[in-house]
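To be precise, the following lines are run.txt, and they hold compact mmCIF, C-alpha atoms.
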# COMPACT_ATOMS: atom_id res chain seq x y z
CA VAL Q 1 150.48 161.90 12.07
CA LYS Q 2 148.49 163.24 14.96
CA VAL Q 3 144.78 164.02 14.56
CA LEU Q 4 143.11 166.40 16.88
CA LYS Q 5 139.41 165.66 17.37
CA SER Q 6 137.22 168.27 18.95
CA GLU Q 7 133.47 168.62 19.52
CA VAL Q 8 131.75 171.92 19.70
CA MET Q 9 128.74 172.08 22.01
CA SER Q 10 126.50 175.09 22.05
CA PRO Q 11 123.12 175.71 23.68
CA ARG Q 12 121.44 175.47 20.28
CA ILE Q 13 122.99 172.09 19.50
CA ALA Q 14 122.07 170.79 22.98
CA TRP Q 15 118.47 171.89 22.45
CA PHE Q 16 118.17 170.07 19.14
CA ASN Q 17 119.62 166.91 20.74
CA PHE Q 18 117.06 167.11 23.53
CA ILE Q 19 114.23 167.55 21.04
CA GLY Q 20 115.43 164.42 19.17
CA PHE Q 21 115.47 162.45 22.40
CA LEU Q 22 111.90 163.51 23.23
CA ARG Q 23 110.73 162.47 19.79
CA GLY Q 24 112.26 159.03 20.22
CA LEU Q 25 110.76 158.68 23.67
CA THR Q 26 107.35 159.71 22.34
CA LYS Q 27 107.48 157.04 19.66
CA VAL Q 28 108.33 154.39 22.24
CA ALA Q 29 105.54 155.56 24.52
CA LEU Q 30 103.12 155.53 21.60
CA VAL Q 31 104.05 151.95 20.70
CA ILE Q 32 103.68 150.85 24.33
CA GLY Q 33 100.33 152.59 24.56
CA LEU Q 34 99.09 150.89 21.41
CA LEU Q 35 100.20 147.48 22.75
CA LEU Q 36 98.49 148.10 26.09
CA ALA Q 37 95.33 149.22 24.32
CA ALA Q 38 95.40 146.11 22.16
CA ALA Q 39 95.93 143.88 25.20
CA TYR Q 40 93.09 145.58 27.04
CA GLY Q 41 90.85 145.19 24.03
CA ILE Q 42 91.70 141.51 23.73
CA ARG Q 43 91.12 141.03 27.46
CA GLU Q 44 87.76 142.75 27.28
CA ALA Q 45 86.82 140.66 24.28
CA ILE Q 46 87.73 137.47 26.15
CA GLU Q 47 85.84 138.61 29.24
CA HIS Q 48 82.79 139.47 27.18
CA THR Q 49 82.95 136.33 25.04
CA PHE Q 50 83.65 133.85 27.83
CA HIS Q 51 83.64 135.05 31.44
CA ARG Q 52 80.63 137.40 31.19
CA ASN Q 53 78.77 135.32 28.67
CA PRO Q 54 75.64 133.80 30.29
CA ASP Q 55 75.89 130.84 27.90
CA PHE Q 56 78.92 129.64 29.86
CA GLN Q 57 77.34 129.83 33.29
CA LEU Q 58 77.73 126.62 35.29
CA LYS Q 59 74.67 124.49 34.60
CA ALA Q 60 75.75 120.95 35.47
CA ILE Q 61 78.35 118.95 37.38
CA LYS Q 62 79.16 115.42 36.24
CA LEU Q 63 81.04 113.16 38.66
CA SER Q 64 82.37 109.72 37.75
CA PRO Q 65 80.86 106.83 39.79
CA ASN Q 66 82.86 106.26 42.96
CA ASP Q 67 82.55 105.13 46.58
CA VAL Q 68 84.01 108.25 48.21
CA LEU Q 69 82.15 111.38 47.08
CA ASP Q 70 78.75 112.29 45.70
CA GLU Q 71 77.93 115.55 43.89
CA GLY Q 72 76.73 117.32 47.04
CA GLU Q 73 79.85 116.41 48.99
CA LEU Q 74 81.97 117.47 46.00
CA VAL Q 75 80.39 120.94 45.90
CA THR Q 76 80.90 121.35 49.65
CA LEU Q 77 84.48 120.07 49.62
CA LEU Q 78 85.60 122.33 46.74
CA LYS Q 79 83.36 125.27 47.74
CA ILE Q 80 81.98 125.46 44.20
CA ASP Q 81 79.91 128.56 43.40
CA LEU Q 82 76.97 127.14 41.47
CA SER Q 83 76.22 130.54 39.92
CA ALA Q 84 79.75 131.04 38.58
CA ASN Q 85 80.99 130.91 35.01
CA ILE Q 86 82.86 127.71 34.14
CA PHE Q 87 85.86 129.79 33.01
CA ASP Q 88 86.12 131.30 36.48
CA PHE Q 89 87.32 127.96 37.92
CA ASP Q 90 91.01 127.11 38.23
CA ILE Q 91 91.02 123.54 36.92
CA GLU Q 92 94.47 122.67 38.29
CA GLN Q 93 93.52 124.02 41.70
CA LEU Q 94 90.36 121.89 41.79
CA GLU Q 95 92.38 118.80 40.91
CA GLN Q 96 94.92 119.56 43.62
CA GLU Q 97 92.21 120.00 46.25
CA LEU Q 98 90.69 116.64 45.32
CA LEU Q 99 94.08 114.91 45.64
CA GLU Q 100 94.41 116.30 49.16
CA MET Q 101 91.69 113.81 50.15
CA PRO Q 102 93.66 110.64 51.07
CA ALA Q 103 91.01 108.25 49.71
CA ILE Q 104 91.44 109.68 46.19
CA SER Q 105 94.47 108.52 44.20
CA ALA Q 106 93.87 110.40 40.92
CA ALA Q 107 91.67 113.28 39.79
CA ARG Q 108 90.91 115.05 36.53
CA VAL Q 109 88.66 118.06 35.95
CA GLU Q 110 87.51 119.22 32.49
CA ARG Q 111 85.26 121.96 31.11
CA ASN Q 112 82.56 120.66 28.80
CA LEU Q 113 81.12 123.64 26.92
CA PRO Q 114 78.86 125.38 27.25
CA GLY Q 115 78.20 124.93 31.00
CA THR Q 116 79.37 121.61 32.46
CA LEU Q 117 82.27 120.65 34.72
CA ASN Q 118 83.34 117.03 34.46
CA PHE Q 119 85.04 115.44 37.49
CA SER Q 120 86.75 112.08 37.03
CA ILE Q 121 88.26 110.60 40.19
CA THR Q 122 89.96 107.31 41.01
CA THR Q 123 89.57 106.10 44.58
CA ARG Q 124 91.91 103.82 46.47
CA LYS Q 125 91.11 100.13 46.61
CA PRO Q 126 91.44 98.96 50.23
CA ALA Q 127 93.14 95.66 51.04
CA ALA Q 128 92.66 95.53 54.82
CA TRP Q 129 91.90 97.48 57.97
CA ILE Q 130 94.75 98.64 60.21
CA ALA Q 131 94.47 98.59 64.01
CA CYS Q 132 96.89 99.79 66.67
CA SER Q 133 95.24 100.64 69.99
CA GLU Q 134 98.38 102.27 71.40
CA GLU Q 135 98.31 104.84 68.59
CA GLY Q 136 94.55 105.39 68.65
CA PHE Q 137 93.48 103.17 65.75
CA PRO Q 138 90.73 100.80 66.98
CA ALA Q 139 90.10 97.35 65.57
CA LYS Q 140 86.71 98.33 64.13
CA ARG Q 141 85.26 98.11 60.65
CA GLN Q 142 83.62 101.51 60.46
CA ALA Q 143 83.97 104.94 58.88
CA LYS Q 144 87.07 106.89 59.98
CA SER Q 145 88.87 103.70 61.02
CA LEU Q 146 92.14 103.14 59.18
CA LEU Q 147 92.30 101.35 55.83
CA VAL Q 148 95.35 100.36 53.78
CA ASP Q 149 95.32 99.88 50.01
CA HIS Q 150 97.25 97.35 47.96
CA ASP Q 151 100.22 99.75 47.70
CA GLY Q 152 100.52 100.10 51.48
CA PHE Q 153 98.99 103.60 51.58
CA SER Q 154 96.95 104.11 54.76
CA TYR Q 155 93.97 106.47 54.99
CA PRO Q 156 90.84 107.03 57.13
CA CYS Q 157 87.86 105.11 55.78
CA PRO Q 158 85.33 107.46 54.11
CA PRO Q 159 81.67 106.72 54.91
CA GLY Q 160 81.03 105.54 51.37
CA GLN Q 161 83.60 102.74 51.60
CA ALA Q 162 82.73 101.43 55.07
CA GLU Q 163 79.94 99.07 54.00
CA GLY Q 164 81.92 97.56 51.14
CA CYS Q 165 84.92 96.84 53.39
CA GLN Q 166 83.17 94.73 56.04
CA ASP Q 167 84.65 91.50 54.64
CA LEU Q 168 88.24 92.74 54.81
CA PRO Q 169 90.51 91.44 57.60
CA ILE Q 170 92.02 93.64 60.29
CA LEU Q 171 95.82 93.75 60.53
CA VAL Q 172 96.60 94.37 64.21
CA LEU Q 173 99.96 96.07 64.73
CA SER Q 174 101.93 96.95 67.86
CA THR Q 175 103.24 100.46 68.31
CA ASP Q 176 106.78 101.02 67.03
CA PRO Q 177 108.41 104.43 67.76
CA ASP Q 178 110.73 103.96 64.79
CA HIS Q 179 107.83 103.25 62.43
CA PRO Q 180 104.79 105.31 63.50
CA ILE Q 181 101.49 104.78 61.73
CA GLN Q 182 100.63 107.99 59.88
CA PRO Q 183 97.35 108.23 57.92
CA GLY Q 184 97.93 109.61 54.46
CA LYS Q 185 101.33 107.95 54.11
CA THR Q 186 102.71 104.58 53.04
CA LEU Q 187 103.18 102.11 55.89
CA ASP Q 188 106.73 100.92 56.57
CA HIS Q 189 105.90 99.08 59.80
CA PRO Q 190 107.80 95.73 59.98
CA GLN Q 191 104.80 93.88 61.42
CA TYR Q 192 102.65 95.17 58.57
CA ARG Q 193 104.97 93.60 56.02
CA HIS Q 194 104.82 90.23 57.79
CA CYS Q 195 101.02 90.32 58.14
CA LEU Q 196 100.66 91.41 54.53
CA HIS Q 197 102.75 88.46 53.39
CA LEU Q 198 100.29 86.06 55.02
CA LEU Q 199 97.29 88.03 53.76
CA LYS Q 200 98.56 87.84 50.17
CA ALA Q 201 99.04 84.09 50.55
CA VAL Q 202 95.40 83.75 51.62
CA ILE Q 203 94.23 85.86 48.66
CA VAL Q 204 96.28 83.84 46.18
CA GLN Q 205 95.51 80.39 47.58
CA TYR Q 206 91.93 80.83 48.83
CA PRO Q 207 90.53 84.09 47.34
CA ASP Q 208 86.94 83.20 48.30
CA GLU Q 209 87.90 82.60 51.93
CA ILE Q 210 89.27 86.06 52.68
CA ARG Q 211 85.94 87.12 54.20
CA PHE Q 212 86.34 84.46 56.88
CA VAL Q 213 89.58 86.00 58.18
CA ASP Q 214 88.91 88.26 61.15
CA THR Q 215 92.35 89.49 62.23
CA ILE Q 216 96.03 88.91 61.49
CA SER Q 217 98.71 89.97 63.94
CA GLN Q 218 102.31 89.19 64.80
CA ALA Q 219 102.38 87.03 67.92
CA ASN Q 220 106.17 87.24 68.40
CA LYS Q 221 109.36 87.61 66.37
CA TRP Q 222 108.89 84.29 64.60
CA ALA Q 223 105.12 83.70 64.46
CA LEU Q 224 101.90 85.23 63.18
CA SER Q 225 98.38 84.78 64.53
CA LEU Q 226 95.34 84.50 62.27
CA LYS Q 227 91.87 84.55 63.84
CA THR Q 228 88.87 83.40 61.82
CA ARG Q 229 85.38 84.87 62.05
CA THR Q 230 84.30 81.69 63.87
CA GLY Q 231 86.89 82.21 66.61
CA THR Q 232 89.64 79.77 65.60
CA VAL Q 233 93.13 81.13 66.29
CA ALA Q 234 95.81 79.71 63.97
CA THR Q 235 99.54 80.23 64.53
CA PHE Q 236 101.66 80.64 61.39
CA GLY Q 237 105.38 80.97 60.87
CA LEU Q 238 106.80 83.90 58.90
CA GLY Q 239 107.17 81.65 55.85
CA SER Q 240 105.84 78.40 54.30
CA HIS Q 241 102.35 79.89 54.25
CA GLU Q 242 101.14 77.72 51.37
CA ARG Q 243 101.58 74.52 53.38
CA GLN Q 244 100.21 76.03 56.57
CA LEU Q 245 97.11 77.37 54.84
CA ARG Q 246 96.53 73.96 53.30
CA TYR Q 247 96.76 72.36 56.77
CA LEU Q 248 94.34 74.92 58.20
CA SER Q 249 91.79 74.43 55.44
CA ARG Q 250 91.83 70.65 55.84
CA ALA Q 251 91.60 70.84 59.62
CA LEU Q 252 88.65 73.25 59.55
CA ASP Q 253 86.82 71.16 56.97
CA HIS Q 254 87.39 68.01 59.02
CA ALA Q 255 86.18 69.70 62.20
CA SER Q 256 83.06 70.95 60.46
CA LYS Q 257 82.21 67.46 59.22
CA LYS Q 258 82.83 65.89 62.64
CA GLY Q 259 80.79 68.48 64.52
CA TYR Q 260 83.35 70.20 66.75
CA ARG Q 261 85.22 73.51 66.64
CA ILE Q 262 88.95 74.11 66.67
CA GLU Q 263 89.83 76.81 69.17
CA THR Q 264 93.58 77.00 68.41
CA ILE Q 265 95.92 75.29 65.99
CA ASN Q 266 99.69 75.69 65.62
CA LEU Q 267 100.56 75.19 61.96
CA ILE Q 268 104.31 75.71 62.23
CA PRO Q 269 105.21 72.02 62.88
CA LYS Q 270 105.02 69.74 59.88
CA ARG Q 271 104.15 66.80 62.14
CA ASN Q 272 102.22 66.46 65.39
CA VAL Q 273 100.30 69.70 64.90
CA PRO Q 274 99.01 70.94 68.31
CA ILE Q 275 95.36 71.96 68.48
CA THR Q 276 92.78 72.98 71.06
CA VAL Q 277 89.19 71.87 70.46
CA ILE Q 278 85.82 72.96 71.82
CA GLU Q 279 82.79 70.71 72.12
CA SER Q 280 79.53 71.19 73.97
CA GLU Q 281 79.99 68.43 76.57
CA ALA Q 282 83.55 69.11 77.70
CA PRO Q 283 85.72 72.19 78.28
CA PRO Q 284 88.46 72.85 75.70
CA ARG Q 285 91.87 71.27 76.27
CA ALA Q 286 95.18 71.51 74.44
CA ILE Q 287 96.25 68.29 72.77
CA PRO Q 288 98.70 67.32 70.05
CA VAL Q 289 97.32 65.75 66.91
CA PRO Q 290 98.79 62.23 67.52
CA GLU Q 291 96.59 61.78 70.59
CA GLU Q 292 93.01 60.60 70.30
CA MET Q 293 90.47 63.29 69.50
CA PRO Q 294 87.16 63.82 71.36
CA GLY Q 295 84.04 62.16 70.08
CA ASP Q 296 84.32 60.24 66.82
CA MET Q 297 87.38 62.12 65.60
CA ARG Q 298 90.64 60.17 65.61
CA SER Q 299 94.16 61.52 65.60
CA ASP Q 300 95.06 59.26 62.70
CA ASP Q 301 92.28 60.85 60.66
CA LEU Q 302 93.59 64.38 61.09
CA ARG Q 303 97.24 63.37 60.87
CA THR Q 304 96.59 61.62 57.54
CA LEU Q 305 94.54 64.59 56.40
CA LEU Q 306 97.21 67.18 57.18
CA ASN Q 307 100.05 65.17 55.69
CA ARG Q 308 98.20 64.47 52.46
CA ASN Q 309 99.88 66.04 49.41
Written as structure tokens, how would this file's structure read?
Amino acid sequence: VKVLKSEVMSPRIAWFNFIGFLRGLTKVALVIGLLLAAAYGIREAIEHTFHRNPDFQLKAIKLSPNDVLDEGELVTLLKIDLSANIFDFDIEQLEQELLEMPAISAARVERNLPGTLNFSITTRKPAAWIACSEEGFPAKRQAKSLLVDHDGFSYPCPPGQAEGCQDLPILVLSTDPDHPIQPGKTLDHPQYRHCLHLLKAVIVQYPDEIRFVDTISQANKWALSLKTRTGTVATFGLGSHERQLRYLSRALDHASKKGYRIETINLIPKRNVPITVIESEAPPRAIPVPEEMPGDMRSDDLRTLLNRN
């Protein structure tokens, strides 16, 4: 069975179809208009209630205690409009701008109604100074010199931290094209890792003596050099630091009691430790421990002292 389907189209039918389409389009436009009006009304209500409400004008800034920024520096750094409404600030943007400061490791900003912005920041805790004259980092304990924290992150010293870091040692590194020193990034310099290993041994074994360490550097591929604040230069190996630090402590104590100063001491040998001494009546000379010491100090005294368990 074949069915013939046909549609009859006349100008009148076409007109009625067009009128139906316009009616449908009008309904859609009306719904959209109502939604837009509602959104505008809500927006105006929010603006009036919060953004244009004088009760929410910025009245106070609270900053957590820290050694990097004060309130004035914070306002300048973030370009905070002190006459603005607290809802005008982009909280996430403020946090991101704070984290762009290398000395800050974490930041959180909160609105405290009706008119306070709370800033909570965590600053980096420096472990040592970093020096590399070839790359423009001087061996100076001052603002803008390079610090490194306990995670190996290096950053320029802010003025607020300079005074509190005067007791920290300086790790002196040689330039390495394959491992450049870049402030604001984690150090991967091989010499830094070796110097840090010795520094950690000092902190663990003699935590109160860290302020007497002036510099630590790598003398060659197999030795490190530690200079004290009194001018003694001690040579360490890349390992066995516990024994070598024990030898150094005993030798310095003995020298202090006997009234002379050790200029250099090589702590790598377990026996016959070479030292150079300074005394007021004679110029310094290099001698091994088994020989007789100047004045009333005897080699047997120091040898017994260094070999004592």
Under the rule of at most 12 Å, produce a per-residue listing of segment 102-185 of chain Q near segment 218-225 of chain Q: chain, number, name, the closest pair of atoms, and the distance in Å, as a Markdown table, using all atoms listed in the file.
| residue | atom | partner | partner_atom | distance |
| --- | --- | --- | --- | --- |
| Q:Ile170 | CA | Q:Ser225 | CA | 11.7 |
| Q:Leu171 | CA | Q:Gln218 | CA | 9.0 |
| Q:Val172 | CA | Q:Gln218 | CA | 7.7 |
| Q:Leu173 | CA | Q:Gln218 | CA | 7.3 |
| Q:Ser174 | CA | Q:Gln218 | CA | 8.4 |
| Q:Thr175 | CA | Q:Gln218 | CA | 11.8 |
*Find the distance between atom CA of Ile121 of chain Q and atom CA of Tyr192 of chain Q and write it in Å to one decimal.*
28.0 Å
*atom CA of His194 of chain Q and atom CA of Gln166 of chain Q, how far apart in Å?*
22.2 Å
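Among Q:Gln57, Q:Ser105, Q:Gln191, Q:Thr228, the residue with the shortest atom-to-atom distance to Asp176 of chain Q, counting only C-alpha atoms, is Q:Gln191.
Using all atoms listed in the file, the shortest contact distance between Lys59 of chain Q and any of Q:Ser256, Q:Thr264, Q:Asn118, Q:Thr230 is found at Q:Asn118.
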*Excluding same-chain residues fewer than 5 positions from Cys157 of chain Q, what lies within 7 Å of it counting only C-alpha atoms, as a PyMOL selection string?*
chain Q and resi 143-147+162
*Fewer than 3 positions away in the same chain doesn't count, so skip those; otherwise give me all residues within 10 Å of Leu78 of chain Q, counting only C-alpha atoms, as an MDAnalysis selection string.*
chainID Q and resid 73:75 81 93:95 97:98
_Around the point (93.8, 110.4, 60.3) (coordinates from the file), which residues reach within 7 Å if we count all atoms listed in the file? Answer as a PyMOL selection string._
chain Q and resi 155-156+183
Serialized selection, C-alpha atoms, as a short mmCIF file (atom, residue, chain, number, x, y, z; two decimals), keeping the file's coordinate frame:
data_model
loop_
_atom_site.label_atom_id
_atom_site.label_comp_id
_atom_site.auth_asym_id
_atom_site.auth_seq_id
_atom_site.Cartn_x
_atom_site.Cartn_y
_atom_site.Cartn_z
CA TYR Q 155 93.97 106.47 54.99
CA PRO Q 156 90.84 107.03 57.13
CA PRO Q 183 97.35 108.23 57.92
#
_Near-Phe89 of chain Q list (12 Å; all atoms listed in the file; drop same-chain fewer than 4 positions) as a VMD selection string_ = chain Q and resid 51 56 to 58 78 to 85 93 to 95 109 to 111 115 to 117
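For the set Q:Ser154, Q:Ser120, Q:Glu209, Q:Pro138, the residue with the smallest atom-to-atom gap to Pro65 of chain Q is Q:Ser120, counting all atoms listed in the file.
Restricting the calculation to all atoms listed in the file, the smallest distance between Gly152 of chain Q and any of Q:Val273, Q:Met101, Q:Ile130, Q:Val202 is found for Q:Ile130.
When atom CA of Arg243 of chain Q is paired with atom CA of Ile203 of chain Q, their separation reads 14.3 Å.
When only C-alpha atoms are used to compute distances to Ile61 of chain Q, the closest of the residues Q:Ser133, Q:Thr26, Q:Asn112, Q:Gln161 turns out to be Q:Asn112.
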Which residues are close to Thr232 of chain Q, i.e. within 12 Å by only C-alpha atoms, leaving aside same-chain residues fewer than 6 positions away? Reply as a CSV table (one decimal) with C-alpha atoms, keeping the file's coordinate frame.
chain,number,residue,atom,x,y,z
Q,212,PHE,CA,86.3,84.5,56.9
Q,213,VAL,CA,89.6,86.0,58.2
Q,214,ASP,CA,88.9,88.3,61.2
Q,215,THR,CA,92.4,89.5,62.2
Q,216,ILE,CA,96.0,88.9,61.5
Q,225,SER,CA,98.4,84.8,64.5
Q,226,LEU,CA,95.3,84.5,62.3
Q,248,LEU,CA,94.3,74.9,58.2
Q,249,SER,CA,91.8,74.4,55.4
Q,251,ALA,CA,91.6,70.8,59.6
Q,252,LEU,CA,88.6,73.2,59.6
Q,255,ALA,CA,86.2,69.7,62.2
Q,260,TYR,CA,83.4,70.2,66.8
Q,261,ARG,CA,85.2,73.5,66.6
Q,262,ILE,CA,89.0,74.1,66.7
Q,263,GLU,CA,89.8,76.8,69.2
Q,264,THR,CA,93.6,77.0,68.4
Q,265,ILE,CA,95.9,75.3,66.0
Q,266,ASN,CA,99.7,75.7,65.6
Q,275,ILE,CA,95.4,72.0,68.5
Q,276,THR,CA,92.8,73.0,71.1
Q,277,VAL,CA,89.2,71.9,70.5
Q,278,ILE,CA,85.8,73.0,71.8
Kindly reconstruct segment 213-224 of chain Q with N, CA, C and O atoms and present the result as a compact mmCIF listing (two decimals), in the frame of the given file.
# COMPACT_ATOMS: atom_id res chain seq x y z
N VAL Q 213 88.44 85.60 57.34
CA VAL Q 213 89.58 86.00 58.18
C VAL Q 213 89.18 87.23 58.98
O VAL Q 213 88.80 88.25 58.42
N ASP Q 214 89.27 87.13 60.29
CA ASP Q 214 88.91 88.26 61.15
C ASP Q 214 90.10 89.19 61.36
O ASP Q 214 90.07 90.35 60.98
N THR Q 215 91.18 88.67 61.97
CA THR Q 215 92.35 89.49 62.23
C THR Q 215 93.63 88.71 61.92
O THR Q 215 93.65 87.48 61.96
N ILE Q 216 94.68 89.45 61.62
CA ILE Q 216 96.03 88.91 61.49
C ILE Q 216 96.95 89.80 62.29
O ILE Q 216 96.90 91.03 62.18
N SER Q 217 97.78 89.20 63.13
CA SER Q 217 98.71 89.97 63.94
C SER Q 217 100.01 89.20 64.08
O SER Q 217 100.07 88.00 63.75
N GLN Q 218 101.03 89.87 64.56
CA GLN Q 218 102.31 89.19 64.80
C GLN Q 218 102.38 88.82 66.27
O GLN Q 218 102.43 89.68 67.15
N ALA Q 219 102.39 87.51 66.53
CA ALA Q 219 102.38 87.03 67.92
C ALA Q 219 103.73 87.26 68.60
O ALA Q 219 103.79 87.60 69.78
N ASN Q 220 104.82 87.02 67.88
CA ASN Q 220 106.17 87.24 68.40
C ASN Q 220 107.10 87.40 67.20
O ASN Q 220 106.65 87.55 66.07
N LYS Q 221 108.40 87.34 67.44
CA LYS Q 221 109.36 87.61 66.37
C LYS Q 221 109.33 86.55 65.28
O LYS Q 221 109.79 86.81 64.16
N TRP Q 222 108.83 85.36 65.59
CA TRP Q 222 108.89 84.29 64.60
C TRP Q 222 107.52 83.72 64.23
O TRP Q 222 107.43 82.74 63.49
N ALA Q 223 106.43 84.29 64.71
CA ALA Q 223 105.12 83.70 64.46
C ALA Q 223 104.06 84.77 64.24
O ALA Q 223 104.13 85.88 64.79
N LEU Q 224 103.06 84.39 63.44
CA LEU Q 224 101.90 85.23 63.18
C LEU Q 224 100.66 84.53 63.70
O LEU Q 224 100.62 83.29 63.80
